[in-house]
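Heads up, the thing below is written out as structure tokens.
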Amino acid sequence: METLKSWYGIAVTYVNSSRKNQILFGVVILPATLLILTRALLRSRAPAYNKLRGGLHEEITLPRKLKSMDIELYHNCISTCSVKVRLCLAEKRIPYVSNHIHLIETGWYESCSPEFSLINPGKVVPVLVFKGHPVYESDDIIEFIETKLDSYAQKKIALLSPGDKDKEARAVEIMNRWLQQGSTKHEEHRPTPAEEIAVLSVPIFTAMMQYIPLRHVFYGFIYHFEMKRPFYFMMMKLLGTRFFTNPGFLKKFYHARERMSLALKELNDNLKETGGDYICGKSFTLADVTWMPLLWRLEETGQEKLYQQYEYVDKYWKACKQRDSFDVAITQVNQSFPIVAQASALLKQWRAQYPHIDDMLNP
Ligand SMILES: N[C@@H](CCC(=O)N[C@@H](CS)C(=O)NCC(=O)O)C(=O)O
């Protein structure tokens, strides 16, 4: 009680000391304190954040949506990690129950809801559930699909066998290298191009946020595992195109662009060396499954010049888009969520209207 009284005394003295302090107190300090207290109160009842190791967890058994189906996928339409898994399932034509989970940019923080926290206490998508047991981490999920789910595949395609027997060792080395570049899992090799894509996605996320009510972001302030993320999304929502004039953001964006360009140059050299349609040569492998979502995101956000400057990458991406899996796992899924097309159209409109945005995306 004594402590509360002395805090109250300090606050009153501070507010009474000047008009500027009154404004600062009313606009920043008081709302921020209330928010932190509300978050602390509600979070004490929310499921804890707990990142579990990648791979199959036989010790966890989850309720199944459809008892007759062994494979379920919790995923999001635009999440690049989810796209990776959907592509893999589509390549092998494995039937599964689809559970779409919203992220803030597609609707709301469903990924942080108590219901989804039971499926993944780490509060991220994708999660594959096999006979009721979850498999976490997209890299581990695609490997699990490839090595354990072949009996469910309606199309037999070996995505971990990158080529002719005499060149196998070199091809495996190439595949692993590009798998790692498309990964967000390994702490020691950060940031990978797959992580840079998060920064390069900000323009489309900002456009998407224009269709999301602000109150949905507040849910994230309470339940998200990292407060800074809902904060960024709130700023994208509030600032709109002005977000792209922030020097801090621009520095990060150009840095990510530069690093992505270097990775694409290396990919170009690799494709030239292997001489086939795909990363490891003639065979389509998990390395391609991992890279397709990244190239798709660059195209979707109007940053196609980034890869078009590299002849072999451009040709490679065209070949990837010819595959049925592209249509099934990317085009068709995204057609069910109108916000994706609306945001792409809005981003195009912004580019036409504001030369600095066009310059930023395609200098
Ligand atoms: N390393 C994880 C990353 C999973 C991840 O970060 N997923 C993103 C979507 S691509 C997510 O669910 N983010 C939720 C959020 O940040 O609120 C994997 O590869 O599965």
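By convention in this document, the chains of the structure tokens carry letters A, B, ... by their order, each chain's residues are numbered from 1, and ligands are numbered from 1 in the order they are shown.
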Would you mind listing, for every residue of chain A within 7 Å of ligand 1, the two atoms forming the shortest contact and the distance between them in Å to one decimal, using only C-alpha atoms and all ligand atoms, sorted by chain and ascending residue number, as CSV?
```
residue,atom,partner,partner_atom_place_in_ligand_line,distance
A:Ser79,CA,ligand 1,10 (S),4.0
A:Thr80,CA,ligand 1,10 (S),5.0
A:Cys81,CA,ligand 1,10 (S),4.6
A:Ser82,CA,ligand 1,10 (S),6.3
A:Leu103,CA,ligand 1,17 (O),6.0
A:Ile104,CA,ligand 1,17 (O),6.9
A:Tyr109,CA,ligand 1,17 (O),6.8
A:Ser111,CA,ligand 1,14 (C),6.3
A:Lys123,CA,ligand 1,12 (O),6.5
A:Val124,CA,ligand 1,12 (O),3.3
A:Val125,CA,ligand 1,12 (O),4.0
A:Pro126,CA,ligand 1,20 (O),5.6
A:Tyr136,CA,ligand 1,20 (O),6.4
A:Glu137,CA,ligand 1,20 (O),3.5
A:Ser138,CA,ligand 1,20 (O),3.8
A:Asp139,CA,ligand 1,19 (O),5.8
A:Ser183,CA,ligand 1,19 (O),6.4
A:Thr184,CA,ligand 1,1 (N),4.6
A:Lys185,CA,ligand 1,1 (N),4.5
A:His224,CA,ligand 1,17 (O),6.7
A:Arg229,CA,ligand 1,16 (O),6.9
```
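Every residue of stretch 70-113 of chain A found in strand (DSSP E or B) when DSSP is run on the backbone appears here: Ile71, Glu72, Leu73, Tyr74, His75, Val97, Ser98, Asn99 and His100 of chain A.
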Generate the output file for the selected residues, all heavy atoms, as an mmCIF file, in the first residue's frame.
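Result file is part_36.cif:
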```cif
data_model
loop_
_atom_site.group_PDB
_atom_site.id
_atom_site.type_symbol
_atom_site.label_atom_id
_atom_site.label_comp_id
_atom_site.auth_asym_id
_atom_site.auth_seq_id
_atom_site.Cartn_x
_atom_site.Cartn_y
_atom_site.Cartn_z
ATOM 1 N N ILE A 71 -3.648 -37.719 -42.037
ATOM 2 C CA ILE A 71 -2.772 -36.539 -42.138
ATOM 3 C C ILE A 71 -3.587 -35.246 -42.121
ATOM 4 O O ILE A 71 -4.558 -35.105 -42.878
ATOM 5 C CB ILE A 71 -1.947 -36.612 -43.444
ATOM 6 C CG1 ILE A 71 -1.149 -37.929 -43.444
ATOM 7 C CG2 ILE A 71 -1.006 -35.418 -43.579
ATOM 8 C CD1 ILE A 71 -0.685 -38.345 -44.807
ATOM 9 N N GLU A 72 -3.183 -34.347 -41.231
ATOM 10 C CA GLU A 72 -3.832 -33.032 -41.156
ATOM 11 C C GLU A 72 -2.751 -31.973 -41.258
ATOM 12 O O GLU A 72 -1.636 -32.176 -40.767
ATOM 13 C CB GLU A 72 -4.485 -32.836 -39.796
ATOM 14 C CG GLU A 72 -5.842 -33.446 -39.653
ATOM 15 C CD GLU A 72 -6.413 -33.134 -38.269
ATOM 16 O OE1 GLU A 72 -6.578 -31.951 -37.947
ATOM 17 O OE2 GLU A 72 -6.665 -34.096 -37.536
ATOM 18 N N LEU A 73 -3.113 -30.842 -41.850
ATOM 19 C CA LEU A 73 -2.135 -29.755 -41.904
ATOM 20 C C LEU A 73 -2.751 -28.478 -41.364
ATOM 21 O O LEU A 73 -3.845 -28.082 -41.781
ATOM 22 C CB LEU A 73 -1.665 -29.522 -43.353
ATOM 23 C CG LEU A 73 -0.628 -28.409 -43.512
ATOM 24 C CD1 LEU A 73 0.689 -28.777 -42.828
ATOM 25 C CD2 LEU A 73 -0.375 -28.092 -44.980
ATOM 26 N N TYR A 74 -2.069 -27.856 -40.402
ATOM 27 C CA TYR A 74 -2.435 -26.521 -39.925
ATOM 28 C C TYR A 74 -1.502 -25.569 -40.650
ATOM 29 O O TYR A 74 -0.271 -25.694 -40.541
ATOM 30 C CB TYR A 74 -2.249 -26.422 -38.410
ATOM 31 C CG TYR A 74 -3.281 -27.231 -37.643
ATOM 32 C CD1 TYR A 74 -3.112 -28.601 -37.440
ATOM 33 C CD2 TYR A 74 -4.440 -26.637 -37.159
ATOM 34 C CE1 TYR A 74 -4.068 -29.353 -36.771
ATOM 35 C CE2 TYR A 74 -5.402 -27.384 -36.484
ATOM 36 C CZ TYR A 74 -5.207 -28.725 -36.294
ATOM 37 O OH TYR A 74 -6.155 -29.468 -35.628
ATOM 38 N N HIS A 75 -2.071 -24.655 -41.386
ATOM 39 C CA HIS A 75 -1.238 -23.808 -42.258
ATOM 40 C C HIS A 75 -1.910 -22.475 -42.524
ATOM 41 O O HIS A 75 -3.082 -22.295 -42.149
ATOM 42 C CB HIS A 75 -1.000 -24.540 -43.588
ATOM 43 C CG HIS A 75 -2.272 -24.763 -44.353
ATOM 44 N ND1 HIS A 75 -2.533 -24.168 -45.556
ATOM 45 C CD2 HIS A 75 -3.382 -25.492 -44.060
ATOM 46 C CE1 HIS A 75 -3.736 -24.547 -45.985
ATOM 47 N NE2 HIS A 75 -4.270 -25.347 -45.097
ATOM 48 N N VAL A 97 -6.237 -33.364 -44.418
ATOM 49 C CA VAL A 97 -7.279 -32.445 -43.944
ATOM 50 C C VAL A 97 -6.619 -31.085 -43.767
ATOM 51 O O VAL A 97 -5.594 -30.968 -43.085
ATOM 52 C CB VAL A 97 -7.855 -32.914 -42.584
ATOM 53 C CG1 VAL A 97 -8.906 -31.937 -42.071
ATOM 54 C CG2 VAL A 97 -8.418 -34.310 -42.690
ATOM 55 N N SER A 98 -7.198 -30.071 -44.384
ATOM 56 C CA SER A 98 -6.594 -28.739 -44.327
ATOM 57 C C SER A 98 -7.263 -27.886 -43.245
ATOM 58 O O SER A 98 -8.479 -27.723 -43.240
ATOM 59 C CB SER A 98 -6.772 -28.087 -45.704
ATOM 60 O OG SER A 98 -6.644 -26.701 -45.598
ATOM 61 N N ASN A 99 -6.450 -27.379 -42.311
ATOM 62 C CA ASN A 99 -6.974 -26.458 -41.287
ATOM 63 C C ASN A 99 -6.269 -25.123 -41.463
ATOM 64 O O ASN A 99 -5.084 -25.004 -41.122
ATOM 65 C CB ASN A 99 -6.664 -26.975 -39.874
ATOM 66 C CG ASN A 99 -7.248 -28.352 -39.633
ATOM 67 O OD1 ASN A 99 -8.424 -28.583 -39.850
ATOM 68 N ND2 ASN A 99 -6.411 -29.285 -39.189
ATOM 69 N N HIS A 100 -6.975 -24.149 -42.009
ATOM 70 C CA HIS A 100 -6.339 -22.854 -42.225
ATOM 71 C C HIS A 100 -6.312 -22.063 -40.922
ATOM 72 O O HIS A 100 -7.308 -21.984 -40.213
ATOM 73 C CB HIS A 100 -7.083 -22.048 -43.298
ATOM 74 C CG HIS A 100 -6.370 -20.772 -43.637
ATOM 75 N ND1 HIS A 100 -6.639 -19.575 -43.021
ATOM 76 C CD2 HIS A 100 -5.342 -20.532 -44.501
ATOM 77 C CE1 HIS A 100 -5.823 -18.654 -43.500
ATOM 78 N NE2 HIS A 100 -5.030 -19.203 -44.405
#
```
Shell around stretch 268-275 of chain A at 9 Å using only C-alpha atoms, local window under 3 positions removed, as a PDB file with all heavy atoms, in the first residue's frame:
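Resulting contents of result_9.pdb:
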```pdb
ATOM      1  N   ALA A 171      25.312 -33.940 -55.888  1.00  0.00           N
ATOM      2  CA  ALA A 171      23.931 -33.448 -55.923  1.00  0.00           C
ATOM      3  C   ALA A 171      23.348 -33.319 -54.520  1.00  0.00           C
ATOM      4  O   ALA A 171      22.652 -32.347 -54.218  1.00  0.00           O
ATOM      5  CB  ALA A 171      23.067 -34.371 -56.780  1.00  0.00           C
ATOM      6  N   ILE A 174      24.701 -30.222 -53.016  1.00  0.00           N
ATOM      7  CA  ILE A 174      24.015 -29.043 -53.560  1.00  0.00           C
ATOM      8  C   ILE A 174      22.636 -28.898 -52.916  1.00  0.00           C
ATOM      9  O   ILE A 174      22.234 -27.814 -52.476  1.00  0.00           O
ATOM     10  CB  ILE A 174      23.872 -29.146 -55.103  1.00  0.00           C
ATOM     11  CG1 ILE A 174      25.249 -29.060 -55.752  1.00  0.00           C
ATOM     12  CG2 ILE A 174      22.945 -28.078 -55.646  1.00  0.00           C
ATOM     13  CD1 ILE A 174      25.243 -29.274 -57.255  1.00  0.00           C
ATOM     14  N   ALA A 263      22.242 -14.021 -52.929  1.00  0.00           N
ATOM     15  CA  ALA A 263      21.836 -15.434 -52.895  1.00  0.00           C
ATOM     16  C   ALA A 263      21.307 -15.862 -54.268  1.00  0.00           C
ATOM     17  O   ALA A 263      21.594 -16.971 -54.743  1.00  0.00           O
ATOM     18  CB  ALA A 263      20.768 -15.637 -51.826  1.00  0.00           C
ATOM     19  N   LEU A 264      20.577 -14.963 -54.927  1.00  0.00           N
ATOM     20  CA  LEU A 264      20.034 -15.302 -56.246  1.00  0.00           C
ATOM     21  C   LEU A 264      21.149 -15.427 -57.283  1.00  0.00           C
ATOM     22  O   LEU A 264      21.074 -16.244 -58.198  1.00  0.00           O
ATOM     23  CB  LEU A 264      19.012 -14.252 -56.688  1.00  0.00           C
ATOM     24  CG  LEU A 264      17.694 -14.275 -55.897  1.00  0.00           C
ATOM     25  CD1 LEU A 264      16.850 -13.043 -56.211  1.00  0.00           C
ATOM     26  CD2 LEU A 264      16.895 -15.544 -56.187  1.00  0.00           C
ATOM     27  N   LYS A 265      22.189 -14.610 -57.110  1.00  0.00           N
ATOM     28  CA  LYS A 265      23.324 -14.701 -58.038  1.00  0.00           C
ATOM     29  C   LYS A 265      23.986 -16.079 -57.888  1.00  0.00           C
ATOM     30  O   LYS A 265      24.310 -16.742 -58.880  1.00  0.00           O
ATOM     31  CB  LYS A 265      24.328 -13.581 -57.753  1.00  0.00           C
ATOM     32  CG  LYS A 265      25.448 -13.554 -58.753  1.00  0.00           C
ATOM     33  CD  LYS A 265      26.450 -12.471 -58.474  1.00  0.00           C
ATOM     34  CE  LYS A 265      27.584 -12.507 -59.476  1.00  0.00           C
ATOM     35  NZ  LYS A 265      28.159 -13.826 -59.685  1.00  0.00           N
ATOM     36  N   TYR A 278      16.228 -27.719 -62.717  1.00  0.00           N
ATOM     37  CA  TYR A 278      16.060 -27.507 -61.272  1.00  0.00           C
ATOM     38  C   TYR A 278      17.401 -27.363 -60.545  1.00  0.00           C
ATOM     39  O   TYR A 278      18.460 -27.571 -61.135  1.00  0.00           O
ATOM     40  CB  TYR A 278      15.227 -28.659 -60.681  1.00  0.00           C
ATOM     41  CG  TYR A 278      13.885 -28.746 -61.366  1.00  0.00           C
ATOM     42  CD1 TYR A 278      13.564 -29.824 -62.198  1.00  0.00           C
ATOM     43  CD2 TYR A 278      12.966 -27.714 -61.217  1.00  0.00           C
ATOM     44  CE1 TYR A 278      12.344 -29.859 -62.860  1.00  0.00           C
ATOM     45  CE2 TYR A 278      11.744 -27.745 -61.882  1.00  0.00           C
ATOM     46  CZ  TYR A 278      11.441 -28.824 -62.701  1.00  0.00           C
ATOM     47  OH  TYR A 278      10.247 -28.851 -63.362  1.00  0.00           O
ATOM     48  N   ILE A 279      17.301 -27.092 -59.219  1.00  0.00           N
ATOM     49  CA  ILE A 279      18.517 -26.783 -58.455  1.00  0.00           C
ATOM     50  C   ILE A 279      19.558 -27.899 -58.532  1.00  0.00           C
ATOM     51  O   ILE A 279      20.750 -27.645 -58.684  1.00  0.00           O
ATOM     52  CB  ILE A 279      18.148 -26.460 -56.973  1.00  0.00           C
ATOM     53  CG1 ILE A 279      17.370 -25.138 -56.922  1.00  0.00           C
ATOM     54  CG2 ILE A 279      19.404 -26.379 -56.094  1.00  0.00           C
ATOM     55  CD1 ILE A 279      16.946 -24.660 -55.545  1.00  0.00           C
ATOM     56  N   CYS A 280      19.110 -29.138 -58.444  1.00  0.00           N
ATOM     57  CA  CYS A 280      20.081 -30.254 -58.488  1.00  0.00           C
ATOM     58  C   CYS A 280      20.252 -30.824 -59.893  1.00  0.00           C
ATOM     59  O   CYS A 280      20.853 -31.880 -60.060  1.00  0.00           O
ATOM     60  CB  CYS A 280      19.646 -31.355 -57.532  1.00  0.00           C
ATOM     61  SG  CYS A 280      19.659 -30.822 -55.833  1.00  0.00           S
ATOM     62  N   GLY A 281      19.711 -30.173 -60.876  1.00  0.00           N
ATOM     63  CA  GLY A 281      19.831 -30.691 -62.248  1.00  0.00           C
ATOM     64  C   GLY A 281      18.461 -31.085 -62.771  1.00  0.00           C
ATOM     65  O   GLY A 281      17.502 -30.314 -62.699  1.00  0.00           O
ATOM     66  N   LYS A 282      18.360 -32.343 -63.238  1.00  0.00           N
ATOM     67  CA  LYS A 282      17.103 -32.763 -63.874  1.00  0.00           C
ATOM     68  C   LYS A 282      15.982 -33.026 -62.867  1.00  0.00           C
ATOM     69  O   LYS A 282      14.809 -32.823 -63.166  1.00  0.00           O
ATOM     70  CB  LYS A 282      17.346 -34.051 -64.678  1.00  0.00           C
ATOM     71  CG  LYS A 282      18.118 -33.806 -65.955  1.00  0.00           C
ATOM     72  CD  LYS A 282      17.945 -35.004 -66.900  1.00  0.00           C
ATOM     73  CE  LYS A 282      18.894 -34.933 -68.070  1.00  0.00           C
ATOM     74  NZ  LYS A 282      20.294 -35.314 -67.728  1.00  0.00           N
ATOM     75  N   TYR A 310      18.822 -12.361 -63.360  1.00  0.00           N
ATOM     76  CA  TYR A 310      19.621 -13.585 -63.455  1.00  0.00           C
ATOM     77  C   TYR A 310      18.921 -14.576 -64.384  1.00  0.00           C
ATOM     78  O   TYR A 310      17.891 -15.173 -64.027  1.00  0.00           O
ATOM     79  CB  TYR A 310      19.832 -14.190 -62.063  1.00  0.00           C
ATOM     80  CG  TYR A 310      20.534 -13.243 -61.126  1.00  0.00           C
ATOM     81  CD1 TYR A 310      19.903 -12.764 -59.982  1.00  0.00           C
ATOM     82  CD2 TYR A 310      21.830 -12.801 -61.414  1.00  0.00           C
ATOM     83  CE1 TYR A 310      20.553 -11.875 -59.138  1.00  0.00           C
ATOM     84  CE2 TYR A 310      22.474 -11.898 -60.570  1.00  0.00           C
ATOM     85  CZ  TYR A 310      21.825 -11.452 -59.441  1.00  0.00           C
ATOM     86  OH  TYR A 310      22.463 -10.563 -58.613  1.00  0.00           O
ATOM     87  N   GLU A 311      19.492 -14.731 -65.559  1.00  0.00           N
ATOM     88  CA  GLU A 311      18.876 -15.506 -66.649  1.00  0.00           C
ATOM     89  C   GLU A 311      18.423 -16.905 -66.223  1.00  0.00           C
ATOM     90  O   GLU A 311      17.295 -17.316 -66.487  1.00  0.00           O
ATOM     91  CB  GLU A 311      19.927 -15.599 -67.769  1.00  0.00           C
ATOM     92  CG  GLU A 311      19.463 -16.290 -69.005  1.00  0.00           C
ATOM     93  CD  GLU A 311      20.647 -16.590 -69.931  1.00  0.00           C
ATOM     94  OE1 GLU A 311      21.725 -15.964 -69.766  1.00  0.00           O
ATOM     95  OE2 GLU A 311      20.486 -17.479 -70.802  1.00  0.00           O
ATOM     96  N   TYR A 312      19.339 -17.603 -65.513  1.00  0.00           N
ATOM     97  CA  TYR A 312      19.027 -18.997 -65.177  1.00  0.00           C
ATOM     98  C   TYR A 312      17.957 -19.083 -64.091  1.00  0.00           C
ATOM     99  O   TYR A 312      17.139 -19.991 -64.078  1.00  0.00           O
ATOM    100  CB  TYR A 312      20.295 -19.765 -64.766  1.00  0.00           C
ATOM    101  CG  TYR A 312      21.202 -19.993 -65.948  1.00  0.00           C
ATOM    102  CD1 TYR A 312      22.150 -19.042 -66.319  1.00  0.00           C
ATOM    103  CD2 TYR A 312      21.084 -21.148 -66.720  1.00  0.00           C
ATOM    104  CE1 TYR A 312      22.958 -19.232 -67.417  1.00  0.00           C
ATOM    105  CE2 TYR A 312      21.896 -21.348 -67.821  1.00  0.00           C
ATOM    106  CZ  TYR A 312      22.836 -20.377 -68.169  1.00  0.00           C
ATOM    107  OH  TYR A 312      23.625 -20.573 -69.266  1.00  0.00           O
ATOM    108  N   VAL A 313      17.967 -18.134 -63.172  1.00  0.00           N
ATOM    109  CA  VAL A 313      16.951 -18.141 -62.114  1.00  0.00           C
ATOM    110  C   VAL A 313      15.579 -17.835 -62.739  1.00  0.00           C
ATOM    111  O   VAL A 313      14.568 -18.457 -62.404  1.00  0.00           O
ATOM    112  CB  VAL A 313      17.274 -17.111 -61.001  1.00  0.00           C
ATOM    113  CG1 VAL A 313      16.198 -17.127 -59.925  1.00  0.00           C
ATOM    114  CG2 VAL A 313      18.630 -17.405 -60.384  1.00  0.00           C
ATOM    115  N   ASP A 314      15.574 -16.894 -63.661  1.00  0.00           N
ATOM    116  CA  ASP A 314      14.319 -16.514 -64.321  1.00  0.00           C
ATOM    117  C   ASP A 314      13.721 -17.725 -65.051  1.00  0.00           C
ATOM    118  O   ASP A 314      12.527 -18.029 -64.930  1.00  0.00           O
ATOM    119  CB  ASP A 314      14.625 -15.371 -65.299  1.00  0.00           C
ATOM    120  CG  ASP A 314      13.356 -14.720 -65.809  1.00  0.00           C
ATOM    121  OD1 ASP A 314      12.371 -14.672 -65.034  1.00  0.00           O
ATOM    122  OD2 ASP A 314      13.339 -14.282 -66.985  1.00  0.00           O
ATOM    123  N   TYR A 316      14.414 -20.839 -64.441  1.00  0.00           N
ATOM    124  CA  TYR A 316      14.092 -21.836 -63.406  1.00  0.00           C
ATOM    125  C   TYR A 316      12.709 -21.572 -62.814  1.00  0.00           C
ATOM    126  O   TYR A 316      11.875 -22.470 -62.678  1.00  0.00           O
ATOM    127  CB  TYR A 316      15.174 -21.762 -62.326  1.00  0.00           C
ATOM    128  CG  TYR A 316      14.841 -22.393 -61.002  1.00  0.00           C
ATOM    129  CD1 TYR A 316      14.664 -23.764 -60.894  1.00  0.00           C
ATOM    130  CD2 TYR A 316      14.708 -21.618 -59.843  1.00  0.00           C
ATOM    131  CE1 TYR A 316      14.373 -24.351 -59.659  1.00  0.00           C
ATOM    132  CE2 TYR A 316      14.424 -22.191 -58.618  1.00  0.00           C
ATOM    133  CZ  TYR A 316      14.251 -23.554 -58.536  1.00  0.00           C
ATOM    134  OH  TYR A 316      13.947 -24.138 -57.325  1.00  0.00           O
TER     135      TYR A 316
END
```
Enumerate, as a ChimeraX atom specification, the complete set of residues in stretch 73-220 of chain A that a backbone-based DSSP assignment places in helix (DSSP H, G or I).
/A:80-91,104-106,110-112,114-119,138-148,150-152,165-181,187-189,193-200,202-209,214-220
Have a look at atom CA of A:Leu361 and atom CA of A:Glu105 and let me know their distance in Å, one decimal.
19.6 Å
Selection near A:Pro193, 12 Å with only C-alpha atoms, sequence-local residues under 5 positions removed, as a CSV table (one decimal) with C-alpha atoms, in the first residue's frame:
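Output file around-v6.csv is given in full below:
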```
chain,number,residue,atom,x,y,z
A,80,THR,CA,6.1,-19.2,-46.9
A,178,TRP,CA,20.0,-24.8,-50.9
A,179,LEU,CA,17.8,-26.5,-48.3
A,180,GLN,CA,19.7,-24.6,-45.6
A,181,GLN,CA,19.4,-21.3,-47.5
A,182,GLY,CA,15.6,-21.7,-47.6
A,183,SER,CA,15.4,-22.5,-43.9
A,184,THR,CA,14.5,-20.5,-40.9
A,185,LYS,CA,15.5,-23.2,-38.4
A,198,ALA,CA,10.1,-11.6,-44.1
A,199,VAL,CA,11.5,-8.1,-44.5
A,200,LEU,CA,10.9,-8.1,-48.2
A,255,HIS,CA,20.0,-4.7,-46.8
A,256,ALA,CA,17.6,-7.6,-47.2
A,257,ARG,CA,17.4,-6.9,-50.9
A,258,GLU,CA,21.1,-6.9,-51.3
A,259,ARG,CA,21.5,-10.2,-49.5
A,260,MET,CA,18.7,-11.7,-51.5
A,261,SER,CA,20.3,-10.5,-54.7
A,262,LEU,CA,23.6,-12.2,-53.7
A,263,ALA,CA,21.8,-15.4,-52.9
A,264,LEU,CA,20.0,-15.3,-56.2
A,266,GLU,CA,24.7,-17.8,-56.4
A,267,LEU,CA,21.6,-19.7,-57.3
A,290,THR,CA,12.1,-24.7,-50.3
A,291,TRP,CA,12.9,-22.1,-52.9
A,293,PRO,CA,7.9,-19.9,-51.9
A,294,LEU,CA,10.7,-17.3,-51.8
A,295,LEU,CA,10.5,-16.6,-55.6
A,297,ARG,CA,6.9,-13.9,-52.7
A,298,LEU,CA,9.3,-11.8,-54.8
```
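Of the residues listed (A:Gln332, A:Ser6, A:Ser113, A:Thr245), A:Thr245 shows the shortest atom-to-atom separation from A:Tyr354; distances use only C-alpha atoms.
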